[in-house]
file protein-v6.csv (CSV, C-alpha atoms and all ligand atoms)
chain,number,residue,atom,x,y,z
A,389,MET,CA,125.2,97.7,123.1
A,390,ALA,CA,122.4,98.5,120.7
A,391,ASN,CA,118.9,97.0,121.2
A,392,VAL,CA,118.1,97.2,117.5
A,393,LEU,CA,120.0,96.2,114.4
A,394,VAL,CA,118.8,97.5,111.0
A,395,PHE,CA,120.1,95.7,107.9
A,396,ILE,CA,120.8,97.9,104.9
A,397,ASP,CA,122.0,96.3,101.8
A,398,GLN,CA,124.0,98.3,99.3
A,399,PRO,CA,122.8,101.8,100.1
A,400,GLY,CA,124.7,103.4,97.2
A,401,GLU,CA,125.1,107.1,97.3
A,402,ALA,CA,121.9,107.9,99.3
A,403,LEU,CA,119.7,106.0,101.7
A,404,LYS,CA,116.3,105.0,100.2
A,405,LYS,CA,113.2,106.3,102.0
A,406,SER,CA,112.4,102.7,103.1
A,407,SER,CA,115.8,102.6,104.9
A,408,LEU,CA,115.1,105.9,106.6
A,409,GLU,CA,111.8,104.3,107.7
A,410,LEU,CA,113.6,101.3,109.2
A,411,LEU,CA,116.0,103.7,111.1
A,412,THR,CA,113.0,105.7,112.4
A,413,ALA,CA,111.2,102.5,113.5
A,414,GLY,CA,114.4,101.2,115.1
A,415,ARG,CA,114.9,104.3,117.2
A,416,ALA,CA,111.4,103.9,118.7
A,417,LEU,CA,112.5,100.5,120.0
A,418,GLY,CA,115.9,101.6,121.4
A,419,GLU,CA,119.4,102.3,120.5
A,420,THR,CA,119.9,101.5,116.9
A,421,ALA,CA,122.9,100.0,115.1
A,422,VAL,CA,123.2,99.3,111.3
A,423,ALA,CA,124.5,96.2,109.7
A,424,LEU,CA,125.6,97.4,106.3
A,425,ASN,CA,126.5,95.5,103.2
A,426,GLY,CA,128.4,97.8,100.9
A,427,ASP,CA,130.4,101.1,101.1
A,428,VAL,CA,129.5,104.1,103.2
A,429,HIS,CA,129.1,107.1,100.9
A,430,PRO,CA,129.5,110.4,102.8
A,431,ALA,CA,125.8,111.3,102.3
A,432,VAL,CA,124.9,107.9,103.8
A,433,ALA,CA,127.2,108.4,106.7
A,434,ALA,CA,125.6,111.8,107.3
A,435,ALA,CA,122.1,110.2,107.2
A,436,PHE,CA,123.2,107.6,109.8
A,437,ALA,CA,124.3,110.4,112.1
A,438,GLU,CA,121.2,112.4,111.5
A,439,TYR,CA,119.0,109.4,112.2
A,440,GLY,CA,120.7,108.6,115.5
A,441,VAL,CA,122.6,105.4,114.5
A,442,THR,CA,125.1,104.6,117.3
A,443,ALA,CA,127.1,101.8,115.5
A,444,ILE,CA,127.8,100.6,112.0
A,445,PHE,CA,128.8,97.1,111.3
A,446,GLN,CA,130.4,95.9,108.0
A,447,PRO,CA,131.3,92.4,107.0
A,448,VAL,CA,135.0,91.5,106.8
A,449,ALA,CA,134.3,89.5,103.6
A,450,ALA,CA,133.5,91.8,100.7
A,451,ASN,CA,131.9,89.2,98.4
A,452,LEU,CA,128.4,88.8,99.9
A,453,ASP,CA,127.0,90.0,96.6
A,454,ASP,CA,128.5,87.0,94.8
A,455,TYR,CA,125.9,84.8,96.4
A,456,LEU,CA,122.2,84.6,97.0
A,457,VAL,CA,121.0,85.4,100.5
A,458,ALA,CA,122.7,82.7,102.7
A,459,PRO,CA,125.9,84.6,103.4
A,460,LYS,CA,124.0,87.8,104.1
A,461,ALA,CA,122.0,85.9,106.8
A,462,ALA,CA,125.2,84.5,108.3
A,463,TYR,CA,126.7,88.0,108.4
A,464,LEU,CA,123.6,89.5,109.9
A,465,ALA,CA,123.4,86.8,112.6
A,466,ALA,CA,127.1,87.6,113.6
A,467,ALA,CA,126.4,91.3,113.5
A,468,ALA,CA,123.2,90.9,115.7
A,469,THR,CA,125.3,89.0,118.2
A,470,ALA,CA,128.1,91.6,118.1
A,471,ALA,CA,125.5,94.4,118.6
A,472,GLY,CA,123.7,92.5,121.4
A,473,ALA,CA,120.5,93.3,119.4
A,474,THR,CA,117.1,92.1,120.7
A,475,THR,CA,115.4,93.2,117.5
A,476,VAL,CA,116.6,93.0,113.9
A,477,LEU,CA,114.7,95.1,111.3
A,478,LEU,CA,114.9,94.4,107.6
A,479,ASP,CA,113.0,95.7,104.6
A,480,ASN,CA,110.0,93.6,103.4
A,481,SER,CA,111.4,92.8,99.9
A,482,PRO,CA,111.4,89.1,98.9
A,483,GLU,CA,115.1,89.1,99.7
A,484,GLY,CA,114.6,90.8,103.0
A,485,LYS,CA,112.0,88.2,104.0
A,486,GLU,CA,114.2,85.3,102.9
A,487,ILE,CA,117.1,86.7,104.9
A,488,ALA,CA,114.7,87.2,107.9
A,489,ALA,CA,113.6,83.6,107.7
A,490,ARG,CA,117.2,82.3,107.7
A,491,LEU,CA,118.2,84.7,110.4
A,492,GLY,CA,115.3,83.5,112.5
A,493,ILE,CA,116.6,79.9,112.4
A,494,LYS,CA,120.2,81.0,113.1
A,495,LEU,CA,119.2,83.1,116.1
A,496,SER,CA,116.2,81.0,117.3
A,497,ALA,CA,114.3,84.2,116.9
A,498,GLY,CA,110.6,84.8,116.2
A,499,VAL,CA,110.1,86.3,112.7
A,500,ILE,CA,107.2,88.7,111.8
A,501,THR,CA,106.9,89.8,108.2
A,502,ASP,CA,104.7,92.4,106.4
A,503,VAL,CA,104.9,94.7,109.5
A,504,VAL,CA,103.2,98.1,109.1
A,505,ALA,CA,103.9,99.5,112.5
A,506,VAL,CA,105.9,98.6,115.7
A,507,ASP,CA,105.1,99.7,119.3
A,508,ALA,CA,107.9,100.6,121.7
A,509,ASP,CA,107.5,97.3,123.4
A,510,GLY,CA,108.2,95.4,120.1
A,511,THR,CA,104.5,94.6,119.3
A,512,ALA,CA,104.3,94.4,115.5
A,513,HIS,CA,101.1,95.3,113.6
A,514,LYS,CA,100.1,93.6,110.4
A,515,SER,CA,97.3,93.9,107.9
A,516,VAL,CA,96.3,90.3,107.0
A,517,LEU,CA,93.8,88.3,105.0
A,518,ALA,CA,93.7,90.8,102.1
A,519,GLY,CA,93.5,93.7,104.6
A,520,SER,CA,90.3,92.5,106.2
A,521,TYR,CA,91.9,92.2,109.7
A,522,THR,CA,94.7,94.1,111.5
A,523,THR,CA,96.7,91.9,113.9
A,524,ALA,CA,99.1,92.7,116.7
A,525,ALA,CA,101.9,90.1,117.3
A,526,LYS,CA,104.9,89.9,119.5
A,527,ALA,CA,107.7,87.4,119.4
A,528,THR,CA,108.2,85.6,122.7
A,529,THR,CA,111.9,84.8,121.9
A,530,PRO,CA,114.8,86.8,123.3
A,531,VAL,CA,115.5,88.2,119.8
A,532,SER,CA,112.8,89.1,117.2
A,533,VAL,CA,113.2,89.7,113.5
A,534,LEU,CA,110.8,92.0,111.8
A,535,THR,CA,110.4,93.0,108.1
A,536,LEU,CA,108.8,96.4,107.6
A,537,LYS,CA,106.7,97.3,104.6
A,538,ALA,CA,107.9,100.4,102.8
A,539,ASN,CA,105.8,103.6,103.1
A,540,SER,CA,104.4,102.4,106.5
A,541,ILE,CA,105.9,105.2,108.7
A,542,THR,CA,107.1,108.7,108.2
A,543,PRO,CA,110.9,109.0,108.3
A,544,GLU,CA,112.0,111.4,111.1
A,545,PRO,CA,115.6,112.4,112.0
A,546,ALA,CA,116.7,111.9,115.6
A,547,PRO,CA,116.3,114.8,118.1
A,548,ALA,CA,120.1,114.8,118.3
A,549,ALA,CA,122.7,113.6,115.8
A,550,THR,CA,125.1,110.8,116.7
A,551,VAL,CA,128.7,109.9,115.8
A,552,PRO,CA,128.4,106.3,115.0
A,553,GLU,CA,131.4,104.0,115.4
A,554,THR,CA,132.2,101.6,112.6
A,555,SER,CA,133.5,98.0,113.2
A,556,ALA,CA,134.1,95.0,111.1
A,557,VAL,CA,132.2,91.7,111.7
A,558,GLU,CA,134.0,88.4,111.1
A,559,VAL,CA,131.6,85.6,110.1
A,560,ALA,CA,132.8,82.2,111.4
A,561,ASP,CA,130.5,80.2,109.2
A,562,ASP,CA,130.3,82.6,106.2
A,563,GLY,CA,127.4,80.7,104.7
A,564,THR,CA,129.1,80.5,101.3
A,565,ALA,CA,129.9,76.7,101.4
A,566,ALA,CA,126.4,75.6,100.6
A,567,ALA,CA,125.2,78.8,99.1
A,568,ALA,CA,124.0,79.4,95.5
A,569,ARG,CA,126.6,81.5,93.7
A,570,ILE,CA,125.5,84.2,91.2
A,571,THR,CA,127.2,83.4,87.9
A,572,SER,CA,126.0,86.4,85.9
A,573,ARG,CA,124.1,89.6,86.2
A,574,GLU,CA,122.2,91.6,83.6
A,575,GLN,CA,121.4,95.3,84.1
A,576,LYS,CA,117.6,95.8,83.8
A,577,VAL,CA,116.7,98.6,81.4
A,578,ALA,CA,116.0,101.6,83.6
A,579,SER,CA,112.4,102.9,83.2
A,580,GLY,CA,113.1,106.2,85.0
A,581,ARG,CA,110.1,105.4,87.2
A,582,PRO,CA,110.3,104.6,91.0
A,583,ASP,CA,110.7,101.1,92.2
A,584,LEU,CA,107.2,99.6,92.5
A,585,THR,CA,107.6,98.3,96.1
A,586,ASP,CA,108.9,101.6,97.4
A,587,ALA,CA,106.8,104.0,95.3
A,588,ARG,CA,104.7,106.6,97.1
A,589,ILE,CA,102.2,106.5,94.2
A,590,VAL,CA,101.3,103.5,92.1
A,591,VAL,CA,99.0,103.6,89.0
A,592,ALA,CA,97.9,100.1,88.2
A,593,GLY,CA,96.0,98.7,85.3
A,594,GLY,CA,94.1,95.5,84.6
A,595,ARG,CA,92.3,93.6,82.0
A,596,GLY,CA,90.1,96.7,81.4
A,597,LEU,CA,93.1,98.2,79.5
A,598,ASP,CA,92.6,95.7,76.8
A,599,GLY,CA,96.3,95.5,76.0
A,600,ASP,CA,97.0,99.3,76.0
A,601,PHE,CA,99.0,100.4,79.1
A,602,GLY,CA,99.6,103.8,77.5
A,603,PRO,CA,97.0,105.8,79.5
A,604,VAL,CA,98.3,104.2,82.8
A,605,GLU,CA,101.9,105.0,81.9
A,606,GLU,CA,101.1,108.6,81.0
A,607,LEU,CA,99.3,109.2,84.3
A,608,ALA,CA,102.1,107.5,86.2
A,609,ASP,CA,104.7,109.7,84.5
A,610,ALA,CA,102.6,112.8,85.3
A,611,LEU,CA,102.5,111.8,88.9
A,612,GLY,CA,106.1,110.5,89.2
A,613,ALA,CA,104.5,107.1,90.1
A,614,ALA,CA,105.3,103.5,89.5
A,615,VAL,CA,103.2,101.3,87.2
A,616,GLY,CA,101.6,98.2,88.6
A,617,ALA,CA,99.2,95.6,87.1
A,618,SER,CA,96.8,92.8,87.9
A,619,ARG,CA,97.7,89.3,87.1
A,620,ALA,CA,95.3,89.2,84.2
A,621,ALA,CA,97.3,92.0,82.6
A,622,THR,CA,100.7,90.4,83.2
A,623,ASP,CA,99.6,86.9,82.2
A,624,ALA,CA,98.3,88.4,78.9
A,625,GLY,CA,101.8,89.7,78.3
A,626,TRP,CA,100.7,93.4,78.2
A,627,ILE,CA,103.3,94.3,80.8
A,628,SER,CA,106.2,92.5,82.6
A,629,HIS,CA,105.5,90.1,85.4
A,630,ASP,CA,107.6,92.4,87.6
A,631,ALA,CA,104.7,94.8,87.7
A,632,GLN,CA,102.2,92.3,89.1
A,633,VAL,CA,100.7,93.4,92.4
A,634,GLY,CA,98.9,90.9,94.6
A,635,GLN,CA,99.1,87.6,96.4
A,636,THR,CA,101.5,86.1,93.9
A,637,GLY,CA,103.0,89.4,92.8
A,638,LYS,CA,104.4,92.3,94.7
A,639,THR,CA,103.0,93.8,97.9
A,640,VAL,CA,102.8,97.6,97.8
A,641,SER,CA,101.8,100.1,100.5
A,642,PRO,CA,101.9,103.4,98.7
A,643,GLN,CA,100.3,106.7,99.9
A,644,LEU,CA,98.1,106.6,96.8
A,645,TYR,CA,97.1,103.5,94.7
A,646,ILE,CA,95.2,104.3,91.5
A,647,SER,CA,93.5,101.1,90.2
A,648,ALA,CA,92.2,101.3,86.6
A,649,GLY,CA,90.2,98.5,84.9
A,650,ILE,CA,90.9,96.1,87.8
A,651,SER,CA,88.0,94.2,89.3
A,652,GLY,CA,89.5,93.9,92.7
A,653,ALA,CA,89.7,90.2,93.2
A,654,ILE,CA,90.9,89.1,96.6
A,655,GLN,CA,94.3,88.0,95.2
A,656,GLN,CA,94.8,91.6,93.9
A,657,LYS,CA,93.6,93.2,97.1
A,658,ALA,CA,96.1,91.1,99.1
A,659,GLY,CA,98.9,93.1,97.5
A,660,MET,CA,97.6,96.7,97.7
A,661,GLN,CA,95.0,97.0,100.4
A,662,THR,CA,97.3,98.7,102.9
A,663,ALA,CA,97.7,101.7,100.5
A,664,LYS,CA,96.7,104.8,102.4
A,665,VAL,CA,94.4,106.1,99.7
A,666,ILE,CA,92.8,103.9,97.0
A,667,VAL,CA,91.3,105.5,93.9
A,668,ALA,CA,89.4,103.0,91.6
A,669,ILE,CA,88.3,103.6,88.1
A,670,ASN,CA,86.0,100.9,86.7
A,671,LYS,CA,83.1,101.1,84.3
A,672,ASP,CA,81.1,98.5,86.4
A,673,ALA,CA,79.6,100.2,89.5
A,674,ASP,CA,79.3,96.7,91.1
A,675,SER,CA,82.9,95.9,90.8
A,676,PRO,CA,84.4,94.6,94.1
A,677,VAL,CA,87.2,97.1,93.9
A,678,PHE,CA,84.8,99.8,95.0
A,679,GLU,CA,84.4,98.0,98.4
A,680,ILE,CA,87.9,99.1,99.3
A,681,ALA,CA,88.2,102.3,97.3
A,682,ASP,CA,88.4,105.6,99.2
A,683,PHE,CA,87.4,107.4,95.9
A,684,GLY,CA,85.6,105.6,93.1
A,685,ILE,CA,85.0,106.7,89.6
A,686,VAL,CA,82.5,104.8,87.6
A,687,GLY,CA,83.5,105.3,84.0
A,688,ASP,CA,85.5,104.2,81.0
A,689,LEU,CA,89.2,104.4,81.9
A,690,PHE,CA,90.1,105.5,78.4
A,691,ASP,CA,88.0,108.7,79.1
A,692,VAL,CA,89.0,109.2,82.7
A,693,LEU,CA,92.8,108.6,82.7
A,694,PRO,CA,93.7,111.0,79.9
A,695,GLN,CA,91.5,113.7,81.6
A,696,ALA,CA,93.3,113.1,84.9
A,697,THR,CA,96.7,113.2,83.2
A,698,ALA,CA,95.9,116.4,81.3
A,699,GLU,CA,94.6,118.1,84.5
A,700,ILE,CA,97.7,117.1,86.5
A,701,LYS,CA,100.0,118.4,83.8
A,702,LYS,CA,98.1,121.6,83.6
A,703,ARG,CA,98.3,122.2,87.4
A,704,LYS,CA,102.0,121.3,87.4
A,705,GLY,CA,102.4,124.0,84.7
B,1,LIG,C1,96.4,81.4,93.3
B,1,LIG,C2,96.0,82.7,92.6
B,1,LIG,C3,96.9,83.8,92.7
B,1,LIG,C4,96.6,85.0,92.1
B,1,LIG,N1,97.4,86.1,92.3
B,1,LIG,C5,97.1,87.3,91.8
B,1,LIG,C6,97.9,88.5,92.0
B,1,LIG,O1,98.9,88.4,92.6
B,1,LIG,N2,97.5,89.6,91.5
B,1,LIG,C7,96.3,89.8,90.8
B,1,LIG,O2,95.9,90.9,90.3
B,1,LIG,N3,95.5,88.7,90.5
B,1,LIG,C8,95.9,87.5,91.0
B,1,LIG,N4,95.1,86.4,90.7
B,1,LIG,C9,94.1,86.5,89.7
B,1,LIG,C10,92.8,87.1,90.3
B,1,LIG,O3,92.0,86.1,90.9
B,1,LIG,C11,92.0,87.8,89.2
B,1,LIG,O4,91.7,86.9,88.2
B,1,LIG,C12,92.7,89.0,88.6
B,1,LIG,O5,93.1,89.9,89.6
B,1,LIG,C13,91.8,89.7,87.6
B,1,LIG,O6,92.4,90.8,87.0
B,1,LIG,P1,91.6,92.0,86.5
B,1,LIG,O7,90.9,92.6,87.6
B,1,LIG,O8,92.6,92.9,85.7
B,1,LIG,O9,90.6,91.4,85.4
B,1,LIG,P2,89.1,91.2,85.4
B,1,LIG,O10,88.6,90.4,86.6
B,1,LIG,O11,88.7,90.6,84.1
B,1,LIG,O12,88.5,92.6,85.6
B,1,LIG,C14,88.6,93.6,84.6
B,1,LIG,C15,87.9,94.8,85.2
B,1,LIG,O13,88.0,95.9,84.3
B,1,LIG,C16,86.8,96.6,84.1
B,1,LIG,N5,86.8,97.3,82.8
B,1,LIG,C17,86.8,96.7,81.6
B,1,LIG,N6,86.9,97.6,80.6
B,1,LIG,C18,87.0,98.8,81.3
B,1,LIG,C19,87.1,100.2,80.8
B,1,LIG,N7,87.2,100.4,79.5
B,1,LIG,N8,87.1,101.1,81.8
B,1,LIG,C20,87.0,100.9,83.1
B,1,LIG,N9,86.9,99.6,83.6
B,1,LIG,C21,86.9,98.6,82.7
B,1,LIG,C22,85.7,95.5,84.3
B,1,LIG,O14,84.5,96.1,84.7
B,1,LIG,C23,86.4,94.6,85.3
B,1,LIG,O15,86.0,95.0,86.6
B,1,LIG,C24,95.4,85.2,91.3
B,1,LIG,C25,94.6,84.1,91.2
B,1,LIG,C26,94.9,82.9,91.8
B,1,LIG,C27,93.9,81.7,91.6

call {"tool": "encode", "arguments": {"input": "protein-v6.csv", "output": "structure tokens"}}
result
Amino acid sequence: MANVLVFIDQPGEALKKSSLELLTAGRALGETAVALNGDVHPAVAAAFAEYGVTAIFQPVAANLDDYLVAPKAAYLAAAATAAGATTVLLDNSPEGKEIAARLGIKLSAGVITDVVAVDADGTAHKSVLAGSYTTAAKATTPVSVLTLKANSITPEPAPAATVPETSAVEVADDGTAAAARITSREQKVASGRPDLTDARIVVAGGRGLDGDFGPVEELADALGAAVGASRAATDAGWISHDAQVGQTGKTVSPQLYISAGISGAIQQKAGMQTAKVIVAINKDADSPVFEIADFGIVGDLFDVLPQATAEIKKRKG
């Protein structure tokens, strides 16, 4: 019986760093099983063994992706019961959080989202109120469901590899009866940049860019970073709403967040304040973004960003 069940949706040909973080966090809590949706590529199987996974569950039904989240929650509830899990870990994506909420109801479990660290006794740590407070919370229910923010912990393989056993999970109530069915899908044009929520480095721009995201994109590409934006920039139509970071946008927790021409309103801070290092570029020395910045550059971003990009390119050769 595993104590911890980690949900990994469609791993593809290699596990994402955020999935490795979930496996590492799970191991700190106890024996870890995985509830998988999708195929197990050999590289993924090898990673499960390396990260100490003891069991892999897969759904009998192969059509979970034909629906929005309800059948995934039903499957995960059945897998948690089969595993005897007392903690279920999911990623902190909007979908992960919605599955967590539904799972919480199915298992009468306490749900904690936006987790940045977990203690061995299950105490979860969160950064709340736009990062002004750090809280510790623990579910008092027999099962707890936690969603972990990407880039919160360093992935570490287990001291000894395992040979996980795979078994299929039948879902009595497959959750499809009343679920929204996906009727069509359209492939998003690939940018070649990392996914914003998982990215280790984010370069974000705001109204100060005055409609020209070029300098932000060039620095992002030099650093292998994702591009983010303030709501002022997305509302102005300068960049897609997908790039919005903040209270009503995406929550990011990268190692490095470079903020350019963003004032640092509380709603923007809410989405990025847990970044490990924040570098702010703003021409107004009194801008609130400097209150949370580790490094601040008072200057015109159209001077600063191209210089930074040129220097990084030079050092990379
Ligand atoms: C309910 C609600 C939800 C919201 N959700 C979000 C959210 O999710 N994300 C979000 O970002 N906002 C959100 N907002 C909006 C938020 O309150 C701010 O209005 C927004 O973040 C401002 O964006 P900005 O900093 O880019 O623009 P501004 O506040 O206009 O700041 C622009 C900054 O650029 C600087 N600047 C200008 N030109 C240059 C230059 N050439 N070089 C360097 N610096 C320059 C200025 O000094 C200024 O500090 C929300 C608001 C509400 C009410």

call {"tool": "residues_near_ligand", "arguments": {"input": "protein-v6.csv", "ligand": "ligand LIG 1 (chain B)", "cutoff": "10 Å", "atoms": "only C-alpha atoms and all ligand atoms", "output": "NGL selection string"}}
result
:A and (592-598 or 616-624 or 629 or 631-639 or 647-660 or 668-678 or 685-693)

call {"tool": "closest_residue", "arguments": {"input": "protein-v6.csv", "among": "A:Pro399, A:Pro482, A:Gly418, A:Gly625", "to": "Phe436 of chain A", "atoms": "all atoms listed in the file"}}
result
A:Pro399

call {"tool": "atom_distance", "arguments": {"input": "protein-v6.csv", "atom1": "atom CA of Thr523 of chain A", "atom2": "atom CA of Asn480 of chain A"}}
result
17.0 Å

call {"tool": "residues_around", "arguments": {"input": "protein-v6.csv", "residues": "Ala681 of chain A", "least_positions_apart": "2", "cutoff": "6 Å", "atoms": "all atoms listed in the file", "output": "PDB file with C-alpha atoms, in the frame of the given file"}}
result
ATOM      1  CA  ILE A 666      92.800 103.900  97.000  1.00  0.00           C
ATOM      2  CA  VAL A 667      91.300 105.500  93.900  1.00  0.00           C
ATOM      3  CA  ALA A 668      89.400 103.000  91.600  1.00  0.00           C
ATOM      4  CA  PHE A 678      84.800  99.800  95.000  1.00  0.00           C
ATOM      5  CA  GLU A 679      84.400  98.000  98.400  1.00  0.00           C
ATOM      6  CA  PHE A 683      87.400 107.400  95.900  1.00  0.00           C
ATOM      7  CA  GLY A 684      85.600 105.600  93.100  1.00  0.00           C
TER       8      GLY A 684
END

call {"tool": "atom_distance", "arguments": {"input": "protein-v6.csv", "atom1": "atom CA of Glu574 of chain A", "atom2": "atom CA of Asp630 of chain A"}}
result
15.2 Å

call {"tool": "residues_around", "arguments": {"input": "protein-v6.csv", "residues": "Val590 of chain A", "least_positions_apart": "5", "cutoff": "8 Å", "atoms": "only C-alpha atoms", "output": "list of chain:residue names"}}
result
A:Leu584, A:Ala608, A:Ala613, A:Ala614, A:Val615, A:Gly616, A:Pro642, A:Leu644, A:Tyr645, A:Ile646

call {"tool": "closest_residue", "arguments": {"input": "protein-v6.csv", "among": "A:Lys704, A:Glu409, A:Asn425, A:Lys664", "to": "Asp453 of chain A", "atoms": "all atoms listed in the file"}}
result
A:Asn425

call {"tool": "residues_near_point", "arguments": {"input": "protein-v6.csv", "point": "(117.0, 82.6, 110.1)", "cutoff": "12 Å", "atoms": "all atoms listed in the file", "output": "ChimeraX atom specification"}}
result
/A:457-466,468,476,484-500,531-534,563

call {"tool": "residues_near_point", "arguments": {"input": "protein-v6.csv", "point": "(123.3, 109.1, 111.4)", "cutoff": "10 Å", "atoms": "all atoms listed in the file", "output": "PDB file with C-alpha atoms, in the frame of the given file"}}
result
ATOM      1  CA  LEU A 411     116.000 103.700 111.100  1.00  0.00           C
ATOM      2  CA  THR A 420     119.900 101.500 116.900  1.00  0.00           C
ATOM      3  CA  ALA A 421     122.900 100.000 115.100  1.00  0.00           C
ATOM      4  CA  VAL A 422     123.200  99.300 111.300  1.00  0.00           C
ATOM      5  CA  ALA A 431     125.800 111.300 102.300  1.00  0.00           C
ATOM      6  CA  VAL A 432     124.900 107.900 103.800  1.00  0.00           C
ATOM      7  CA  ALA A 433     127.200 108.400 106.700  1.00  0.00           C
ATOM      8  CA  ALA A 434     125.600 111.800 107.300  1.00  0.00           C
ATOM      9  CA  ALA A 435     122.100 110.200 107.200  1.00  0.00           C
ATOM     10  CA  PHE A 436     123.200 107.600 109.800  1.00  0.00           C
ATOM     11  CA  ALA A 437     124.300 110.400 112.100  1.00  0.00           C
ATOM     12  CA  GLU A 438     121.200 112.400 111.500  1.00  0.00           C
ATOM     13  CA  TYR A 439     119.000 109.400 112.200  1.00  0.00           C
ATOM     14  CA  GLY A 440     120.700 108.600 115.500  1.00  0.00           C
ATOM     15  CA  VAL A 441     122.600 105.400 114.500  1.00  0.00           C
ATOM     16  CA  THR A 442     125.100 104.600 117.300  1.00  0.00           C
ATOM     17  CA  ALA A 443     127.100 101.800 115.500  1.00  0.00           C
ATOM     18  CA  ILE A 444     127.800 100.600 112.000  1.00  0.00           C
ATOM     19  CA  PRO A 545     115.600 112.400 112.000  1.00  0.00           C
ATOM     20  CA  ALA A 546     116.700 111.900 115.600  1.00  0.00           C
ATOM     21  CA  ALA A 548     120.100 114.800 118.300  1.00  0.00           C
ATOM     22  CA  ALA A 549     122.700 113.600 115.800  1.00  0.00           C
ATOM     23  CA  THR A 550     125.100 110.800 116.700  1.00  0.00           C
ATOM     24  CA  VAL A 551     128.700 109.900 115.800  1.00  0.00           C
ATOM     25  CA  PRO A 552     128.400 106.300 115.000  1.00  0.00           C
TER      26      PRO A 552
END

call {"tool": "closest_residue", "arguments": {"input": "protein-v6.csv", "among": "A:Val604, A:Ile541, A:Leu536, A:Ala698", "to": "Ser481 of chain A", "atoms": "all atoms listed in the file"}}
result
A:Leu536

call {"tool": "atom_distance", "arguments": {"input": "protein-v6.csv", "atom1": "atom CA of Asp454 of chain A", "atom2": "atom CA of Val394 of chain A"}}
result
21.6 Å

call {"tool": "build_atoms", "arguments": {"input": "protein-v6.csv", "residues": "segment 462-475 of chain A", "atoms": "N, CA and C atoms", "output": "PDB file, in the frame of the given file"}}
result
ATOM      1  N   ALA A 462     124.097  84.866 107.345  1.00  0.00           N
ATOM      2  CA  ALA A 462     125.200  84.500 108.300  1.00  0.00           C
ATOM      3  C   ALA A 462     125.836  85.736 108.845  1.00  0.00           C
ATOM      4  N   TYR A 463     126.084  86.710 107.975  1.00  0.00           N
ATOM      5  CA  TYR A 463     126.700  88.000 108.400  1.00  0.00           C
ATOM      6  C   TYR A 463     125.796  88.705 109.405  1.00  0.00           C
ATOM      7  N   LEU A 464     124.515  88.746 109.075  1.00  0.00           N
ATOM      8  CA  LEU A 464     123.600  89.500 109.900  1.00  0.00           C
ATOM      9  C   LEU A 464     123.448  88.821 111.298  1.00  0.00           C
ATOM     10  N   ALA A 465     123.502  87.500 111.322  1.00  0.00           N
ATOM     11  CA  ALA A 465     123.400  86.800 112.600  1.00  0.00           C
ATOM     12  C   ALA A 465     124.663  87.169 113.455  1.00  0.00           C
ATOM     13  N   ALA A 466     125.834  87.219 112.807  1.00  0.00           N
ATOM     14  CA  ALA A 466     127.100  87.600 113.600  1.00  0.00           C
ATOM     15  C   ALA A 466     126.983  89.033 114.017  1.00  0.00           C
ATOM     16  N   ALA A 467     126.456  89.901 113.155  1.00  0.00           N
ATOM     17  CA  ALA A 467     126.400  91.300 113.500  1.00  0.00           C
ATOM     18  C   ALA A 467     125.349  91.520 114.661  1.00  0.00           C
ATOM     19  N   ALA A 468     124.243  90.764 114.625  1.00  0.00           N
ATOM     20  CA  ALA A 468     123.200  90.900 115.700  1.00  0.00           C
ATOM     21  C   ALA A 468     123.843  90.468 117.024  1.00  0.00           C
ATOM     22  N   THR A 469     124.658  89.421 116.996  1.00  0.00           N
ATOM     23  CA  THR A 469     125.300  89.000 118.200  1.00  0.00           C
ATOM     24  C   THR A 469     126.314  90.021 118.701  1.00  0.00           C
ATOM     25  N   ALA A 470     127.109  90.556 117.756  1.00  0.00           N
ATOM     26  CA  ALA A 470     128.100  91.600 118.100  1.00  0.00           C
ATOM     27  C   ALA A 470     127.420  92.828 118.696  1.00  0.00           C
ATOM     28  N   ALA A 471     126.257  93.153 118.153  1.00  0.00           N
ATOM     29  CA  ALA A 471     125.500  94.400 118.600  1.00  0.00           C
ATOM     30  C   ALA A 471     124.770  94.099 119.906  1.00  0.00           C
ATOM     31  N   GLY A 472     124.535  92.828 120.225  1.00  0.00           N
ATOM     32  CA  GLY A 472     123.700  92.500 121.400  1.00  0.00           C
ATOM     33  C   GLY A 472     122.239  92.889 121.092  1.00  0.00           C
ATOM     34  N   ALA A 473     121.850  92.780 119.824  1.00  0.00           N
ATOM     35  CA  ALA A 473     120.500  93.300 119.400  1.00  0.00           C
ATOM     36  C   ALA A 473     119.406  92.319 119.887  1.00  0.00           C
ATOM     37  N   THR A 474     118.312  92.890 120.336  1.00  0.00           N
ATOM     38  CA  THR A 474     117.100  92.100 120.700  1.00  0.00           C
ATOM     39  C   THR A 474     116.079  92.167 119.568  1.00  0.00           C
ATOM     40  N   THR A 475     116.246  93.133 118.680  1.00  0.00           N
ATOM     41  CA  THR A 475     115.400  93.200 117.500  1.00  0.00           C
ATOM     42  C   THR A 475     116.200  93.477 116.267  1.00  0.00           C
TER      43      THR A 475
END
